[in-house]
$ cat input-v5.txt   # compact mmCIF, C-alpha atoms
# COMPACT_ATOMS: atom_id res chain seq x y z
CA MET A 1 -127.09 -24.79 241.73
CA ASN A 2 -126.21 -24.04 238.08
CA LEU A 3 -127.80 -25.38 234.92
CA MET A 4 -125.17 -28.05 234.26
CA GLU A 5 -125.58 -29.39 237.79
CA ILE A 6 -129.35 -29.58 237.32
CA ILE A 7 -128.94 -31.43 234.02
CA ARG A 8 -126.41 -33.83 235.58
CA LEU A 9 -128.77 -34.65 238.44
CA ALA A 10 -131.69 -35.10 236.04
CA VAL A 11 -129.76 -37.52 233.83
CA ARG A 12 -128.50 -39.46 236.85
CA SER A 13 -132.04 -39.81 238.20
CA LEU A 14 -133.34 -41.08 234.86
CA LEU A 15 -130.51 -43.59 234.49
CA ARG A 16 -131.48 -45.21 237.79
CA ASN A 17 -134.48 -46.72 235.98
CA THR A 18 -133.31 -47.03 232.37
CA LEU A 19 -136.03 -49.45 231.25
CA ARG A 20 -138.79 -47.40 232.85
CA SER A 21 -137.44 -44.21 231.25
CA PHE A 22 -137.34 -45.91 227.83
CA LEU A 23 -140.88 -47.23 228.13
CA THR A 24 -142.02 -43.79 229.23
CA VAL A 25 -140.72 -42.08 226.08
CA LEU A 26 -141.80 -44.89 223.75
CA GLY A 27 -144.90 -42.93 222.77
CA VAL A 28 -142.76 -39.92 221.90
CA ILE A 29 -140.36 -42.11 219.90
CA ILE A 30 -143.20 -43.65 217.90
CA GLY A 31 -144.88 -40.27 217.35
CA VAL A 32 -141.74 -38.50 216.13
CA GLY A 33 -140.69 -41.52 214.07
CA ALA A 34 -144.09 -41.65 212.38
CA VAL A 35 -144.01 -37.91 211.64
CA ILE A 36 -140.53 -38.11 210.09
CA ALA A 37 -141.32 -41.23 208.05
CA MET A 38 -144.65 -39.97 206.73
CA VAL A 39 -143.32 -36.54 205.80
CA ALA A 40 -140.26 -38.06 204.10
CA ILE A 41 -142.40 -40.43 202.03
CA GLY A 42 -144.99 -37.71 201.34
CA GLU A 43 -142.38 -35.19 200.19
CA GLY A 44 -140.79 -37.84 198.01
CA ALA A 45 -144.14 -38.63 196.40
CA LYS A 46 -144.71 -34.92 195.84
CA ALA A 47 -141.30 -34.62 194.18
CA ARG A 48 -142.13 -37.59 191.94
CA VAL A 49 -145.39 -35.93 190.85
CA GLU A 50 -143.51 -32.71 190.08
CA GLN A 51 -140.90 -34.64 188.12
CA ALA A 52 -143.54 -36.57 186.17
CA PHE A 53 -145.34 -33.42 185.08
CA ALA A 54 -142.09 -31.55 184.43
CA SER A 55 -141.18 -34.31 181.98
CA MET A 56 -144.40 -33.61 180.09
CA GLY A 57 -143.45 -29.94 179.69
CA THR A 58 -143.82 -26.67 181.55
CA ASN A 59 -146.97 -24.53 181.75
CA LEU A 60 -148.67 -26.72 179.16
CA LEU A 61 -152.16 -26.80 177.73
CA ILE A 62 -153.23 -29.56 175.35
CA VAL A 63 -155.97 -28.61 172.90
CA MET A 64 -157.80 -31.64 171.49
CA PRO A 65 -160.30 -31.80 168.59
CA GLY A 66 -164.00 -32.40 169.11
CA SER A 67 -166.12 -35.52 169.38
CA SER A 68 -167.92 -37.29 166.56
CA THR A 69 -171.43 -38.69 166.91
CA ALA A 70 -172.77 -41.61 164.86
CA GLY A 71 -176.05 -43.36 165.60
CA GLY A 72 -176.21 -41.82 169.04
CA ALA A 73 -172.71 -43.06 169.94
CA GLN A 74 -170.16 -40.37 170.76
CA GLY A 75 -166.60 -41.06 169.67
CA GLY A 76 -164.87 -38.98 172.34
CA PHE A 77 -162.55 -36.01 172.01
CA GLY A 78 -160.22 -36.33 169.04
CA SER A 79 -162.58 -38.40 166.90
CA MET A 80 -163.83 -35.35 164.95
CA PRO A 81 -161.12 -33.07 163.46
CA THR A 82 -162.22 -29.55 164.34
CA LEU A 83 -158.90 -27.75 164.77
CA THR A 84 -157.38 -26.05 161.74
CA TRP A 85 -153.93 -24.74 160.90
CA ASP A 86 -155.43 -21.26 160.97
CA ASP A 87 -156.55 -21.95 164.55
CA LEU A 88 -152.96 -22.84 165.43
CA LYS A 89 -151.65 -19.64 163.84
CA ALA A 90 -154.28 -17.58 165.68
CA ILE A 91 -153.29 -19.13 169.02
CA GLN A 92 -149.64 -18.33 168.32
CA THR A 93 -150.23 -14.71 167.33
CA GLN A 94 -153.42 -13.47 168.97
CA VAL A 95 -153.20 -14.69 172.57
CA PRO A 96 -150.75 -12.59 174.65
CA THR A 97 -150.61 -15.16 177.48
CA VAL A 98 -149.30 -17.83 175.06
CA ARG A 99 -145.56 -17.92 174.37
CA ASP A 100 -145.84 -20.55 171.61
CA ALA A 101 -147.93 -23.41 170.27
CA ALA A 102 -147.07 -26.52 168.29
CA PRO A 103 -149.08 -29.26 166.57
CA GLN A 104 -148.65 -32.94 167.30
CA LEU A 105 -149.73 -35.48 164.70
CA ARG A 106 -149.16 -39.14 165.47
CA THR A 107 -149.36 -42.62 164.03
CA VAL A 108 -147.86 -46.03 164.74
CA VAL A 109 -145.35 -47.11 162.08
CA GLN A 110 -142.71 -49.80 161.67
CA LEU A 111 -139.17 -48.39 161.60
CA ILE A 112 -136.50 -50.36 159.73
CA ALA A 113 -132.73 -49.93 159.98
CA GLU A 114 -130.66 -52.51 158.08
CA ASP A 115 -131.68 -55.88 159.58
CA ALA A 116 -133.47 -54.47 162.64
CA ASN A 117 -137.01 -53.16 162.92
CA TRP A 118 -139.16 -51.68 165.65
CA GLY A 119 -142.78 -50.58 165.78
CA THR A 120 -143.18 -47.23 167.50
CA THR A 121 -145.18 -44.00 167.52
CA VAL A 122 -144.04 -41.43 164.99
CA PHE A 123 -144.97 -37.81 165.67
CA GLY A 124 -145.21 -34.96 163.21
CA VAL A 125 -144.13 -31.80 165.03
CA THR A 126 -142.50 -28.41 164.64
CA PRO A 127 -139.21 -27.25 166.27
CA ALA A 128 -141.22 -25.36 168.91
CA TYR A 129 -142.65 -28.67 170.16
CA PHE A 130 -139.35 -29.69 171.78
CA ASP A 131 -139.07 -26.37 173.60
CA LEU A 132 -142.63 -26.64 174.91
CA ARG A 133 -141.93 -30.18 176.14
CA SER A 134 -138.60 -29.09 177.73
CA TRP A 135 -136.92 -31.90 175.84
CA PRO A 136 -133.25 -31.32 174.91
CA MET A 137 -131.12 -33.32 172.45
CA ALA A 138 -128.56 -35.85 173.69
CA SER A 139 -126.74 -35.68 170.34
CA GLY A 140 -127.26 -33.96 167.02
CA ALA A 141 -129.58 -31.04 166.35
CA VAL A 142 -133.31 -30.97 165.80
CA PHE A 143 -134.65 -29.96 162.38
CA SER A 144 -135.05 -26.23 161.80
CA GLN A 145 -137.87 -24.07 160.45
CA SER A 146 -136.23 -24.14 156.99
CA ASP A 147 -136.24 -27.96 157.12
CA LEU A 148 -139.90 -27.78 158.07
CA ASP A 149 -140.72 -25.48 155.16
CA ALA A 150 -138.80 -27.70 152.73
CA GLY A 151 -140.45 -30.89 153.97
CA SER A 152 -137.07 -32.50 154.68
CA LYS A 153 -136.97 -36.18 155.47
CA GLN A 154 -135.20 -35.82 158.80
CA LEU A 155 -135.79 -38.02 161.81
CA VAL A 156 -135.29 -37.49 165.54
CA LEU A 157 -135.26 -40.66 167.66
CA GLY A 158 -135.96 -41.39 171.30
CA ARG A 159 -133.36 -43.39 173.24
CA THR A 160 -135.48 -46.55 173.39
CA VAL A 161 -135.88 -46.63 169.61
CA VAL A 162 -132.13 -46.13 169.15
CA ASP A 163 -131.39 -49.05 171.47
CA LYS A 164 -133.83 -51.32 169.61
CA LEU A 165 -132.65 -50.41 166.11
CA PHE A 166 -128.90 -49.88 166.57
CA GLY A 167 -128.06 -51.32 169.99
CA PRO A 168 -127.39 -49.68 173.39
CA GLY A 169 -124.80 -46.93 173.50
CA THR A 170 -124.61 -46.36 169.74
CA ASP A 171 -124.80 -42.99 167.98
CA PRO A 172 -127.05 -43.27 164.91
CA ILE A 173 -126.56 -39.70 163.65
CA GLY A 174 -126.37 -39.78 159.85
CA GLN A 175 -127.84 -43.28 159.58
CA THR A 176 -130.83 -44.01 157.34
CA VAL A 177 -134.04 -45.36 158.85
CA ARG A 178 -137.08 -46.30 156.79
CA VAL A 179 -140.33 -45.05 158.26
CA GLY A 180 -142.75 -47.39 156.59
CA ASN A 181 -141.35 -47.34 153.05
CA VAL A 182 -139.87 -43.82 153.18
CA PRO A 183 -136.14 -43.35 153.99
CA PHE A 184 -135.27 -40.71 156.61
CA GLU A 185 -131.92 -39.47 157.87
CA VAL A 186 -131.37 -39.52 161.64
CA VAL A 187 -130.34 -35.98 162.67
CA ALA A 188 -130.71 -36.10 166.45
CA VAL A 189 -131.27 -38.34 169.47
CA MET A 190 -133.46 -37.08 172.29
CA ALA A 191 -132.19 -36.92 175.86
CA LYS A 192 -133.58 -39.76 177.95
CA LYS A 193 -136.88 -38.69 179.51
CA GLY A 194 -138.09 -41.87 181.22
CA GLN A 195 -141.65 -42.92 181.93
CA SER A 196 -144.80 -40.98 182.61
CA ALA A 197 -146.86 -41.37 185.78
CA THR A 198 -148.98 -43.95 183.91
CA GLY A 199 -146.00 -45.99 182.73
CA GLN A 200 -145.77 -44.65 179.17
CA ASP A 201 -142.20 -44.71 177.82
CA TYR A 202 -141.53 -41.21 176.50
CA ASP A 203 -138.33 -42.42 174.82
CA ASP A 204 -140.14 -44.97 172.65
CA ALA A 205 -140.94 -42.40 169.95
CA ALA A 206 -139.68 -40.83 166.75
CA PHE A 207 -140.25 -37.29 165.41
CA VAL A 208 -140.34 -35.88 161.90
CA PRO A 209 -141.22 -32.42 160.52
CA VAL A 210 -144.98 -32.03 160.48
CA THR A 211 -144.96 -31.08 156.78
CA THR A 212 -143.10 -34.28 155.90
CA PHE A 213 -145.47 -36.25 158.13
CA GLN A 214 -148.44 -34.94 156.13
CA ALA A 215 -146.83 -35.50 152.75
CA LYS A 216 -145.11 -38.85 153.26
CA ILE A 217 -146.66 -40.69 156.21
CA GLN A 218 -150.27 -39.74 156.86
CA ARG A 219 -151.87 -38.19 153.80
CA GLY A 220 -155.41 -36.90 153.74
CA LEU A 221 -156.26 -33.90 155.89
CA GLN A 222 -154.85 -30.58 154.66
CA LYS A 223 -156.56 -27.60 156.30
CA VAL A 224 -157.54 -29.54 159.41
CA ILE A 225 -155.08 -30.71 162.09
CA GLY A 226 -155.45 -34.46 162.52
CA GLY A 227 -154.02 -34.38 166.01
CA THR A 228 -153.61 -32.09 169.01
CA ILE A 229 -152.07 -28.69 169.74
CA PHE A 230 -149.60 -28.16 172.55
CA VAL A 231 -149.81 -24.64 173.98
CA GLY A 232 -147.21 -23.13 176.30
CA ALA A 233 -148.25 -20.27 178.60
CA THR A 234 -145.89 -17.39 179.29
CA SER A 235 -145.63 -18.45 182.95
CA ALA A 236 -147.10 -20.86 185.48
CA GLU A 237 -149.27 -18.07 186.88
CA ALA A 238 -150.58 -17.25 183.41
CA THR A 239 -151.56 -20.84 182.54
CA LEU A 240 -155.15 -20.59 183.75
CA ARG A 241 -155.59 -17.24 182.00
CA ALA A 242 -154.12 -18.68 178.81
CA GLN A 243 -156.61 -21.55 178.99
CA LYS A 244 -159.51 -19.08 179.16
CA ASP A 245 -158.07 -16.94 176.37
CA VAL A 246 -157.52 -19.91 174.04
CA ARG A 247 -161.02 -21.22 174.74
CA ALA A 248 -162.56 -17.82 174.00
CA LEU A 249 -160.51 -17.50 170.79
CA LEU A 250 -161.48 -20.95 169.48
CA ARG A 251 -165.16 -20.49 170.32
CA ASP A 252 -165.13 -17.21 168.43
CA ARG A 253 -163.31 -18.71 165.43
CA HIS A 254 -165.64 -21.73 165.32
CA ARG A 255 -168.68 -19.45 165.63
CA LEU A 256 -170.15 -21.29 168.58
CA ARG A 257 -173.21 -19.55 169.95
CA GLU A 258 -173.46 -18.80 173.66
CA GLY A 259 -174.55 -21.87 175.61
CA ALA A 260 -173.36 -24.31 172.94
CA ASP A 261 -170.84 -26.97 173.90
CA ASP A 262 -167.21 -26.59 172.86
CA ASP A 263 -166.23 -28.59 169.78
CA PHE A 264 -162.76 -29.02 171.31
CA SER A 265 -161.23 -29.83 174.69
CA ILE A 266 -158.44 -28.09 176.62
CA ARG A 267 -156.49 -30.00 179.23
CA ASN A 268 -154.52 -27.97 181.74
CA LEU A 269 -151.58 -30.10 182.93
CA THR A 270 -150.75 -27.55 185.62
CA GLU A 271 -154.15 -28.11 187.23
CA VAL A 272 -153.67 -31.88 187.10
CA ALA A 273 -150.24 -31.55 188.72
CA SER A 274 -151.62 -29.23 191.40
CA ALA A 275 -154.46 -31.64 192.15
CA GLN A 276 -151.99 -34.51 192.47
CA GLN A 277 -149.77 -32.47 194.78
CA GLU A 278 -152.71 -31.32 196.90
CA GLY A 279 -153.90 -34.91 197.25
CA THR A 280 -150.43 -36.03 198.32
CA GLN A 281 -150.10 -33.09 200.70
CA THR A 282 -153.49 -33.82 202.26
CA LEU A 283 -152.56 -37.45 202.84
CA THR A 284 -149.20 -36.46 204.33
CA THR A 285 -150.87 -33.94 206.64
CA LEU A 286 -153.44 -36.51 207.75
CA LEU A 287 -150.79 -39.10 208.55
CA ALA A 288 -148.62 -36.52 210.33
CA SER A 289 -151.63 -35.42 212.39
CA ILE A 290 -152.30 -38.99 213.44
CA ALA A 291 -148.63 -39.34 214.36
CA ALA A 292 -148.85 -36.12 216.40
CA VAL A 293 -151.49 -37.81 218.57
CA SER A 294 -148.80 -40.31 219.56
CA LEU A 295 -146.72 -37.38 220.80
CA LEU A 296 -149.57 -36.28 223.04
CA VAL A 297 -149.99 -39.81 224.32
CA GLY A 298 -146.26 -39.86 224.99
CA GLY A 299 -146.62 -36.58 226.87
CA ILE A 300 -149.29 -38.09 229.09
CA GLY A 301 -146.94 -41.01 229.76
CA ILE A 302 -144.23 -38.57 230.81
CA MET A 303 -146.64 -36.78 233.17
CA ASN A 304 -147.69 -40.10 234.67
CA ILE A 305 -144.16 -41.35 235.31
CA MET A 306 -143.06 -37.97 236.70
CA LEU A 307 -145.94 -38.04 239.19
CA VAL A 308 -144.85 -41.52 240.23
CA SER A 309 -141.29 -40.27 240.52
CA VAL A 310 -142.38 -37.37 242.75
CA THR A 311 -144.17 -39.81 245.05
CA GLU A 312 -141.20 -42.20 245.15
CA ARG A 313 -138.71 -39.39 245.87
CA THR A 314 -140.73 -37.42 248.41
CA ARG A 315 -138.20 -38.02 251.21
CA GLU A 316 -135.35 -37.06 248.83
CA ILE A 317 -137.14 -33.82 248.00
CA GLY A 318 -137.68 -33.07 251.67
CA LEU A 319 -134.02 -33.77 252.44
CA ARG A 320 -132.83 -31.42 249.68
CA MET A 321 -135.12 -28.67 250.89
CA ALA A 322 -133.87 -29.22 254.45
CA ILE A 323 -130.24 -28.67 253.43
CA GLY A 324 -130.98 -25.49 251.46
CA ALA A 325 -132.52 -26.36 248.09
CA LYS A 326 -135.08 -23.80 247.06
CA ARG A 327 -138.46 -24.52 245.51
CA GLY A 328 -137.14 -23.16 242.18
CA HIS A 329 -134.32 -25.73 242.26
CA ILE A 330 -136.78 -28.59 242.76
CA LEU A 331 -139.04 -27.26 240.02
CA ALA A 332 -136.09 -26.90 237.64
CA GLN A 333 -134.82 -30.40 238.38
CA PHE A 334 -138.09 -32.18 237.63
CA LEU A 335 -138.78 -29.99 234.59
CA THR A 336 -135.31 -30.81 233.30
CA GLU A 337 -135.95 -34.53 233.80
CA ALA A 338 -139.15 -34.27 231.77
CA LEU A 339 -137.37 -32.23 229.09
CA VAL A 340 -134.46 -34.68 228.86
CA LEU A 341 -136.89 -37.59 228.59
CA SER A 342 -138.86 -36.00 225.77
CA LEU A 343 -135.76 -34.80 223.86
CA MET A 344 -134.23 -38.25 224.08
CA GLY A 345 -137.46 -39.65 222.73
CA GLY A 346 -137.43 -37.05 219.95
CA LEU A 347 -133.87 -37.88 218.87
CA LEU A 348 -134.54 -41.63 218.94
CA GLY A 349 -137.76 -40.99 217.04
CA VAL A 350 -135.90 -39.13 214.28
CA GLY A 351 -133.56 -42.09 213.88
CA LEU A 352 -136.52 -44.50 213.86
CA GLY A 353 -138.38 -42.36 211.30
CA LEU A 354 -135.43 -42.15 208.93
CA GLY A 355 -134.87 -45.88 209.17
CA LEU A 356 -138.57 -46.63 208.63
CA ALA A 357 -138.78 -44.28 205.65
CA SER A 358 -135.70 -45.87 204.11
CA VAL A 359 -137.11 -49.38 204.54
CA LEU A 360 -140.49 -48.41 203.04
CA ALA A 361 -138.84 -46.58 200.15
CA THR A 362 -136.65 -49.59 199.36
CA ARG A 363 -139.38 -52.19 199.85
CA PHE A 364 -142.07 -50.53 197.75
CA GLY A 365 -139.94 -48.45 195.39
CA TRP A 366 -141.23 -45.16 196.80
CA PRO A 367 -139.15 -41.98 196.66
CA MET A 368 -137.92 -40.50 199.94
CA LEU A 369 -137.05 -36.86 200.58
CA ILE A 370 -135.61 -35.87 203.96
CA ARG A 371 -136.59 -32.46 205.32
CA PRO A 372 -134.19 -31.35 208.07
CA ASP A 373 -136.57 -28.58 209.16
CA VAL A 374 -139.26 -31.17 209.93
CA ALA A 375 -136.79 -33.24 211.97
CA VAL A 376 -135.74 -30.18 213.98
CA PHE A 377 -139.38 -29.14 214.48
CA ALA A 378 -140.34 -32.65 215.62
CA CYS A 379 -137.54 -32.61 218.24
CA LEU A 380 -138.49 -29.15 219.44
CA PHE A 381 -142.15 -30.13 219.61
CA SER A 382 -141.32 -33.25 221.61
CA GLY A 383 -139.32 -31.05 223.99
CA LEU A 384 -142.31 -28.73 224.32
CA VAL A 385 -144.52 -31.73 225.06
CA GLY A 386 -142.13 -32.76 227.84
CA VAL A 387 -142.15 -29.28 229.40
CA VAL A 388 -145.94 -28.91 229.20
CA PHE A 389 -146.72 -32.33 230.63
CA GLY A 390 -143.86 -32.20 233.13
CA LEU A 391 -144.86 -28.84 234.55
CA TYR A 392 -147.60 -30.15 236.86
CA PRO A 393 -145.47 -32.91 238.47
CA ALA A 394 -142.53 -30.49 238.82
CA ARG A 395 -144.74 -27.86 240.46
CA LYS A 396 -146.25 -30.47 242.75
CA ALA A 397 -142.74 -31.52 243.84
CA SER A 398 -141.66 -27.91 244.47
CA LEU A 399 -144.71 -27.21 246.67
CA LEU A 400 -144.11 -30.13 249.03
CA ASP A 401 -143.71 -29.21 252.69
CA PRO A 402 -140.16 -30.19 253.73
CA ILE A 403 -141.20 -31.48 257.16
CA GLN A 404 -144.07 -33.59 255.78
CA ALA A 405 -141.78 -34.83 253.00
CA LEU A 406 -139.18 -36.01 255.51
CA ARG A 407 -141.84 -37.92 257.45
CA PHE A 408 -143.17 -39.59 254.26
CA GLU A 409 -142.83 -43.40 254.16

$ encode --input "input-v5.txt" --output "structure tokens"
Amino acid sequence: MNLMEIIRLAVRSLLRNTLRSFLTVLGVIIGVGAVIAMVAIGEGAKARVEQAFASMGTNLLIVMPGSSTAGGAQGGFGSMPTLTWDDLKAIQTQVPTVRDAAPQLRTVVQLIAEDANWGTTVFGVTPAYFDLRSWPMASGAVFSQSDLDAGSKQLVLGRTVVDKLFGPGTDPIGQTVRVGNVPFEVVAVMAKKGQSATGQDYDDAAFVPVTTFQAKIQRGLQKVIGGTIFVGATSAEATLRAQKDVRALLRDRHRLREGADDDFSIRNLTEVASAQQEGTQTLTTLLASIAAVSLLVGGIGIMNIMLVSVTERTREIGLRMAIGAKRGHILAQFLTEALVLSLMGGLLGVGLGLGLASVLATRFGWPMLIRPDVAVFACLFSGLVGVVFGLYPARKASLLDPIQALRFE
């Protein structure tokens, strides 16, 4: 008896009781379907987290000024300007794990273009800022270092601001926009970046040279940076080291004695992203583990129905042994039946999981990312479950005494 003959007999035996076979593998179907759906949703959520933090920039640290205290009330980080332009230069030149650093000053201003106006956040930055944020231009070119040194009145707009001031699909390069009462020339439009994880519209912003920002928009502070510093590490692996190096440099420059609190704050976006990913991965693993229990329950169902099948087909087994079937043939037949049952359940479960993931993704707006390796593993694991739980009934069938089996009623 060859393999194809064994498979043919196994399939024919299972098709005799189609409904019973389907109910038997229902646990496997649910288990595999749950694994596929949960992993697809979990991987999609992980990809969304990665995309959200990639839109903020790569290998980024954000250095914020210190906190003010008045009457016992602390104002929070950023309320006390403690970062200087010399600090920025020192970070750029004295920390080997830092590839570049850029200031970010900000204020909310009304922008006016002909008969349209729009209130948005205007940032004072340097050309390095756009590189650190991984933010390319959709049209035009960002202001250069010479424009920065000259204090040129050049303006870079986000896509949302362009749509509000000039209308969707327009190219405002060369147009004049008044920032407050100061006219600026639009030199570039940023590529669309979308929303942050918290719903902030990155494209609802405008950017001017930081020198022009200080001279024309927000006068006052000269030696002190009235905003934050974006720091880019040389690599993802070097981000944590860069954070320690920048902290040590600033503490030394600010002459903070040992044990004293920092008069600044450093946020490591890589750590935040990693924590988000780990949380998502933990949840996905938990849900997949729960789903795996369904596979085990399905395996027990297969064992149960195979034992019933052995009892029902005792005379058939005895007859086959009487006409020459060997114990190995009987063992192979019942093992094959268990394997076919579990693999059928695995394949149906993959289809159920993909359908369920698609419905959930559409219904709740979740991302979905299919991993073929997980689908293949789930099918192989369901097959393994069938073999493991089908081994005992198959062995029991192969050890039946032919004479006693023939006499069985």

$ closest_atom_pairs --input "input-v5.txt" --of "region 332-351 of chain A" --to "region 378-392 of chain A" --cutoff "6 Å" --atoms "all atoms listed in the file" --output "JSON lines"
{"residue": "A:Leu335", "atom": "CA", "partner": "A:Gly390", "partner_atom": "CA", "distance": 5.7}
{"residue": "A:Ala338", "atom": "CA", "partner": "A:Gly386", "partner_atom": "CA", "distance": 5.2}
{"residue": "A:Leu339", "atom": "CA", "partner": "A:Gly386", "partner_atom": "CA", "distance": 4.9}
{"residue": "A:Ser342", "atom": "CA", "partner": "A:Gly386", "partner_atom": "CA", "distance": 5.0}
{"residue": "A:Leu343", "atom": "CA", "partner": "A:Gly383", "partner_atom": "CA", "distance": 5.2}
{"residue": "A:Gly346", "atom": "CA", "partner": "A:Cys379", "partner_atom": "CA", "distance": 4.8}

$ residues_around --input "input-v5.txt" --residues "region 229-232 of chain A" --least-positions-apart "3" --cutoff "7 Å" --atoms "only C-alpha atoms" --output "list in words"
Asn59, Leu60, Leu61, Ile62, Val63, Met64, Val98, Arg99, Asp100, Ala101, Ala102, Pro103, Gln104 and Leu132 of chain A

$ residues_around --input "input-v5.txt" --residues "region 140-154 of chain A" --least-positions-apart "6" --cutoff "7 Å" --atoms "only C-alpha atoms" --output "PyMOL selection string"
chain A and resi 127+173+184-189+208-209+211-212

$ closest_residue --input "input-v5.txt" --among "A:Leu19, A:Val11, A:Val28, A:Val350" --to "Val297 (chain A)" --atoms "all atoms listed in the file"
A:Val28

$ residues_near_point --input "input-v5.txt" --point "(-157.6, -32.5, 175.4)" --cutoff "8 Å" --atoms "all atoms listed in the file" --output "VMD selection string"
chain A and resid 62 to 65 77 to 78 228 264 to 267

$ atom_distance --input "input-v5.txt" --atom1 "CA of Val182 (chain A)" --atom2 "CA of Leu88 (chain A)"
27.6 Å

$ atom_distance --input "input-v5.txt" --atom1 "CA of Thr121 (chain A)" --atom2 "CA of Val179 (chain A)"
10.5 Å

$ residues_around --input "input-v5.txt" --residues "Phe207 (chain A)" --least-positions-apart "3" --cutoff "8 Å" --atoms "all atoms listed in the file" --output "list in words"
Val122, Phe123, Gly124, Val125, Leu155, Val156 and Leu157 of chain A

$ residues_around --input "input-v5.txt" --residues "region 371-375 of chain A" --least-positions-apart "5" --cutoff "9 Å" --atoms "all atoms listed in the file" --output "ChimeraX atom specification"
/A:32,35-36,39-40,43,346-347,350,380

$ write_last_selection --input "input-v5.txt" --atoms "C-alpha atoms" --output "short mmCIF file (atom, residue, chain, number, x, y, z; two decimals), in the frame of the given file"
data_model
loop_
_atom_site.label_atom_id
_atom_site.label_comp_id
_atom_site.auth_asym_id
_atom_site.auth_seq_id
_atom_site.Cartn_x
_atom_site.Cartn_y
_atom_site.Cartn_z
CA VAL A 32 -141.74 -38.50 216.13
CA VAL A 35 -144.01 -37.91 211.64
CA ILE A 36 -140.53 -38.11 210.09
CA VAL A 39 -143.32 -36.54 205.80
CA ALA A 40 -140.26 -38.06 204.10
CA GLU A 43 -142.38 -35.19 200.19
CA GLY A 346 -137.43 -37.05 219.95
CA LEU A 347 -133.87 -37.88 218.87
CA VAL A 350 -135.90 -39.13 214.28
CA LEU A 380 -138.49 -29.15 219.44
#

$ closest_residue --input "input-v5.txt" --among "A:Gly158, A:Pro183, A:Gly298, A:Gly42" --to "Leu341 (chain A)" --atoms "all atoms listed in the file"
A:Gly298

$ closest_residue --input "input-v5.txt" --among "A:Gly27, A:Gly66, A:Phe130, A:Arg327" --to "Val293 (chain A)" --atoms "all atoms listed in the file"
A:Gly27

$ atom_distance --input "input-v5.txt" --atom1 "CA of Leu286 (chain A)" --atom2 "CA of Ala361 (chain A)"
19.3 Å

$ residues_around --input "input-v5.txt" --residues "Thr170 (chain A)" --least-positions-apart "5" --cutoff "12 Å" --atoms "all atoms listed in the file" --output "JSON, numbers by chain"
{"A": [138, 139, 159, 160, 161, 162, 163, 164, 165, 175, 189]}

$ closest_residue --input "input-v5.txt" --among "A:Met303, A:Ala191, A:Val376, A:Ala236" --to "Glu337 (chain A)" --atoms "only C-alpha atoms"
A:Met303

$ closest_residue --input "input-v5.txt" --among "A:Asn17, A:Gln218, A:Gln404, A:Asn268" --to "Leu240 (chain A)" --atoms "all atoms listed in the file"
A:Asn268

$ closest_residue --input "input-v5.txt" --among "A:Val310, A:Leu400, A:Ala128, A:Val340" --to "Lys326 (chain A)" --atoms "only C-alpha atoms"
A:Leu400

$ decode --input "input-v5.txt" --residues "region 113-123 of chain A" --atoms "N, CA and C atoms" --output "compact mmCIF listing (two decimals), in the first residue's frame"
# COMPACT_ATOMS: atom_id res chain seq x y z
N ALA A 113 -2.30 85.70 2.96
CA ALA A 113 -1.94 85.67 1.55
C ALA A 113 -3.12 86.21 0.76
N GLU A 114 -2.97 87.42 0.23
CA GLU A 114 -4.05 88.10 -0.50
C GLU A 114 -5.29 88.19 0.39
N ASP A 115 -6.40 87.51 -0.01
CA ASP A 115 -7.62 87.62 0.78
C ASP A 115 -7.83 86.44 1.71
N ALA A 116 -6.84 85.55 1.82
CA ALA A 116 -6.96 84.38 2.69
C ALA A 116 -6.03 84.53 3.88
N ASN A 117 -6.42 83.94 5.00
CA ASN A 117 -5.55 83.94 6.17
C ASN A 117 -5.71 82.63 6.93
N TRP A 118 -4.70 82.29 7.69
CA TRP A 118 -4.72 81.02 8.42
C TRP A 118 -3.77 81.13 9.61
N GLY A 119 -4.28 80.79 10.79
CA GLY A 119 -3.44 80.77 11.99
C GLY A 119 -2.73 79.44 12.12
N THR A 120 -1.43 79.46 12.24
CA THR A 120 -0.66 78.23 12.33
C THR A 120 0.58 78.44 13.17
N THR A 121 1.33 77.37 13.40
CA THR A 121 2.57 77.44 14.16
C THR A 121 3.72 77.72 13.20
N VAL A 122 4.47 78.76 13.52
CA VAL A 122 5.65 79.12 12.73
C VAL A 122 6.89 78.74 13.52
N PHE A 123 7.79 78.00 12.87
CA PHE A 123 9.00 77.53 13.52
C PHE A 123 10.21 78.27 12.96
